[in-house]
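K.L.:
This structure is in structure tokens; I'll ask about it shortly.
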Amino acid sequence: MAENANDPMHQFVINKIADFQIGGLDLSFTNSSLWMVAAVATVSLFMMSAMSGRALIPGRMQSVAELCYEFISNMVRDNAGTEGMKFFPFVFTVFTFVLSCNMLGMIPYSFTVTSHIIVTFALAAVIITIVLVYGLLRNGFKFFGLFLPSGVPWWMAPIMVPIEVISFLSRPISLSVRLFANMLAGHTVLKVFAGFVVSIGSVGGLAMLGAIVPLAMATALIGLEFLVAFLQAFIFSILTCIYLNDAIHPSH
Amino acid sequence: MTDRKSSRKFGDFSSRDSFSDEHEDLKRLGKRLREARKGEAAEEEHRQRADSLPNNGLGVALRIGIELVVAVFVGAGIGFFLDRWLGTQPWLLLVFFMLGTAAGFMNVIRMAQSETLSPGNKLDGPAVDDEDD
């Protein structure tokens, strides 16, 4: 346990809480699942309790909930048009889920769900599946116009189409890698600096004063991490809107 | 002006002082809200969609890097698995590696050219070209 405490990657270890297997598939309830449930519960409880008053003049909590709603609805309208508003519930869910996962990850001794690429990739895969299915249902064959930009001469098609397809396929991956890399890197750096405080502090004597430097650094980094936690949830959802825009208006 | 009078009459009618007070409060709040909205609208015009994505240097650099690298990996991955499937090592890997690199650069150029500095936008025009505005 003592050596684990100094390992900056120890915070990302997944532990089984309840073992649960179906047909060779490991569906155990892990600490990751627990924090996902916590994130969903936090958002649901917050939204329901904040809006339970339904006051004409919102109180403090209701203001926050309404601000949240308007923030996302403006984002969807700006980036995917009025027609994109049918995806508002989806984008709102994605944003609040990612945001609460990131923010719950900032609690000491908690687990950051979004620091695992499989979680972010699953989210991105759902988003890109929706874009594909909705784009094909709405636009039919015209959806493939996305892969051949207008104004490109026909003989360029054999080169442009594979490039565009690769560019399209790289979207869910870059979407998931961005969120995962930011959370993983931030939390690791935080742990490393916190580890410096402990190891310098354990030297003893006057050298202990040196621990102030990494301590100040860790304090500043915690502020930065809160910013990153919000920013990454924001970027994740705004890119969702931009990709949905492509499904709605593929010819642009 | 006439509003004010009618509200007072309404307050008298309900014969509850608190109600008319509340009404006045609401009106004052409405006025303040309108003023605040006016300021907000001006500010909004000033920003003009430029705030769609935060454009601080480090964030943009990281986004560009990820965008470039991921496309290369996707291209190389497609080539690798096509090669394994068709038994044409190493030609498709080489071809798709090149295509992936091209796709990565195209992503980066699109990011740099669009206002919102986001990947996936077309080369010309802003991110959204909606019918309704």
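In the structure tokens, each chain is lettered A, B, ... as it comes, each chain's residues begin at 1, and ligands are numbered from 1 in order of appearance.
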Neighbouring residues of segment 76-92 of chain A were defined as those with any atom within 7 Å, considering only C-alpha atoms; residues of the same chain fewer than 3 positions away were excluded. Please report them as a VMD selection string.
P.N.:
(chain A and resid 72 to 73 95 to 96 237 241 to 242 244 to 245) or (chain B and resid 128 130)
K.L.:
Under the rule of at most 10 Å, produce a per-residue listing of chain A near chain B: chain, number, name, the closest pair of atoms, and the distance in Å, as a tab-separated table, using only C-alpha atoms.
P.N.:
```
residue	atom	partner	partner_atom	distance
A:Leu56	CA	B:Leu26	CA	9.5
A:Ile57	CA	B:Leu26	CA	8.4
A:Met75	CA	B:Ser52	CA	7.8
A:Arg77	CA	B:Asp130	CA	9.7
A:Asp78	CA	B:Val128	CA	7.4
A:Asn79	CA	B:Val128	CA	6.0
A:Ala80	CA	B:Val128	CA	7.0
A:Gly81	CA	B:Asp130	CA	5.9
A:Thr82	CA	B:Asp132	CA	7.7
A:Glu83	CA	B:Asp130	CA	9.5
A:Leu146	CA	B:Lys122	CA	9.3
A:Pro149	CA	B:Lys122	CA	7.7
A:Ser150	CA	B:Lys122	CA	9.5
A:Ile159	CA	B:Leu99	CA	7.8
A:Met160	CA	B:Leu99	CA	8.9
A:Val161	CA	B:Leu99	CA	9.9
A:Pro162	CA	B:Leu99	CA	7.0
A:Ile163	CA	B:Ala103	CA	5.0
A:Glu164	CA	B:Ala103	CA	6.7
A:Val165	CA	B:Ala103	CA	8.6
A:Ile166	CA	B:Gly75	CA	6.0
A:Ser167	CA	B:Ala103	CA	5.3
A:Phe168	CA	B:Gly120	CA	7.7
A:Leu169	CA	B:Val74	CA	7.2
A:Ser170	CA	B:Ala71	CA	5.2
A:Arg171	CA	B:Gly120	CA	7.8
A:Pro172	CA	B:Val70	CA	9.8
A:Ile173	CA	B:Val70	CA	6.9
A:Ser174	CA	B:Val70	CA	6.0
A:Leu175	CA	B:Glu67	CA	8.9
A:Val177	CA	B:Ile66	CA	7.6
A:Arg178	CA	B:Ile66	CA	7.0
A:Ala181	CA	B:Ile66	CA	9.6
A:Asn182	CA	B:Leu62	CA	9.4
A:Val228	CA	B:Gly59	CA	9.6
A:Leu231	CA	B:Pro54	CA	8.0
A:Gln232	CA	B:Gly59	CA	9.9
A:Phe234	CA	B:Leu53	CA	8.3
A:Ile235	CA	B:Leu53	CA	6.8
A:Ile238	CA	B:Leu53	CA	7.6
A:Leu239	CA	B:Ser118	CA	7.5
A:Ile242	CA	B:Gly120	CA	7.7
A:Tyr243	CA	B:Gly120	CA	7.4
A:Asn245	CA	B:Val128	CA	7.8
A:Asp246	CA	B:Gly120	CA	8.5
A:His249	CA	B:Asp130	CA	8.6
A:Ser251	CA	B:Lys122	CA	9.6
A:His252	CA	B:Lys122	CA	6.7
```
K.L.:
Using the chain letters and numbers from this document, which residues of segment 1-248 of chain A does DSSP assign to helix (DSSP H, G or I), as a VMD selection string?
P.N.:
chain A and resid 2 to 5 10 to 12 31 to 51 60 to 80 82 to 104 113 to 115 117 to 147 154 to 201 205 to 248
K.L.:
Extract, using only C-alpha atoms, all DNA, RNA and protein residues at most 9 Å from Met183 of chain A, discarding same-chain residues fewer than 4 positions from it, and format them as an NGL selection string.
P.N.:
:A and (102 or 105 or 112 or 114-116 or 178-179 or 187-188 or 225 or 228-229 or 232)
K.L.:
Which distance in Å separates atom CA of Leu215 of chain A and atom CA of Phe193 of chain A, to one decimal?
P.N.:
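Going from atom CA of Leu215 of chain A over to atom CA of Phe193 of chain A, I get 7.2 Å.
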K.L.:
Mind checking which residues fall within 9 Å of Lys16 of chain A, counting only C-alpha atoms, ignoring those fewer than 6 positions away in the same chain, and posting them as number ranges by chain?
P.N.:
A: 28-32
K.L.:
Could you save the residues just selected, with C-alpha atoms, as a tab-separated table (two decimals), in the first residue's frame?
P.N.:
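The resulting file, selection_3.tsv, is shown below:
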```
chain	number	residue	atom	x	y	z
A	28	SER	CA	-18.79	-6.82	-12.90
A	29	PHE	CA	-19.84	-3.67	-11.11
A	30	THR	CA	-16.55	-1.77	-10.72
A	31	ASN	CA	-15.48	1.47	-9.11
A	32	SER	CA	-15.77	2.96	-12.59
```
K.L.:
Using only C-alpha atoms, find the one residue out of A:Leu104, A:Leu206, A:Ile22, A:Ile248 that sits nearest to Phe143 of chain A.
P.N.:
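With only C-alpha atoms as the atom set, the closest residue is A:Ile248.
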K.L.:
Could you check how far atom CA of Lys31 of chain B sits from atom CA of Met51 of chain A, in Å to one decimal?
P.N.:
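A separation of 24.3 Å between them.
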K.L.:
So the first atom is atom CA of Val108 of chain B and the second is atom CA of Ile64 of chain B; what is the distance between them in Å, to one decimal place?
P.N.:
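So the two atoms, atom CA of Val108 of chain B and atom CA of Ile64 of chain B, lie 5.9 Å apart.
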K.L.:
Which residues, written as a ChimeraX atom specification, have at least one atom at most 6 Å from Thr120 of chain A, with only C-alpha atoms counted and residues fewer than 3 positions away on the same chain left out?
P.N.:
/A:117,123,176
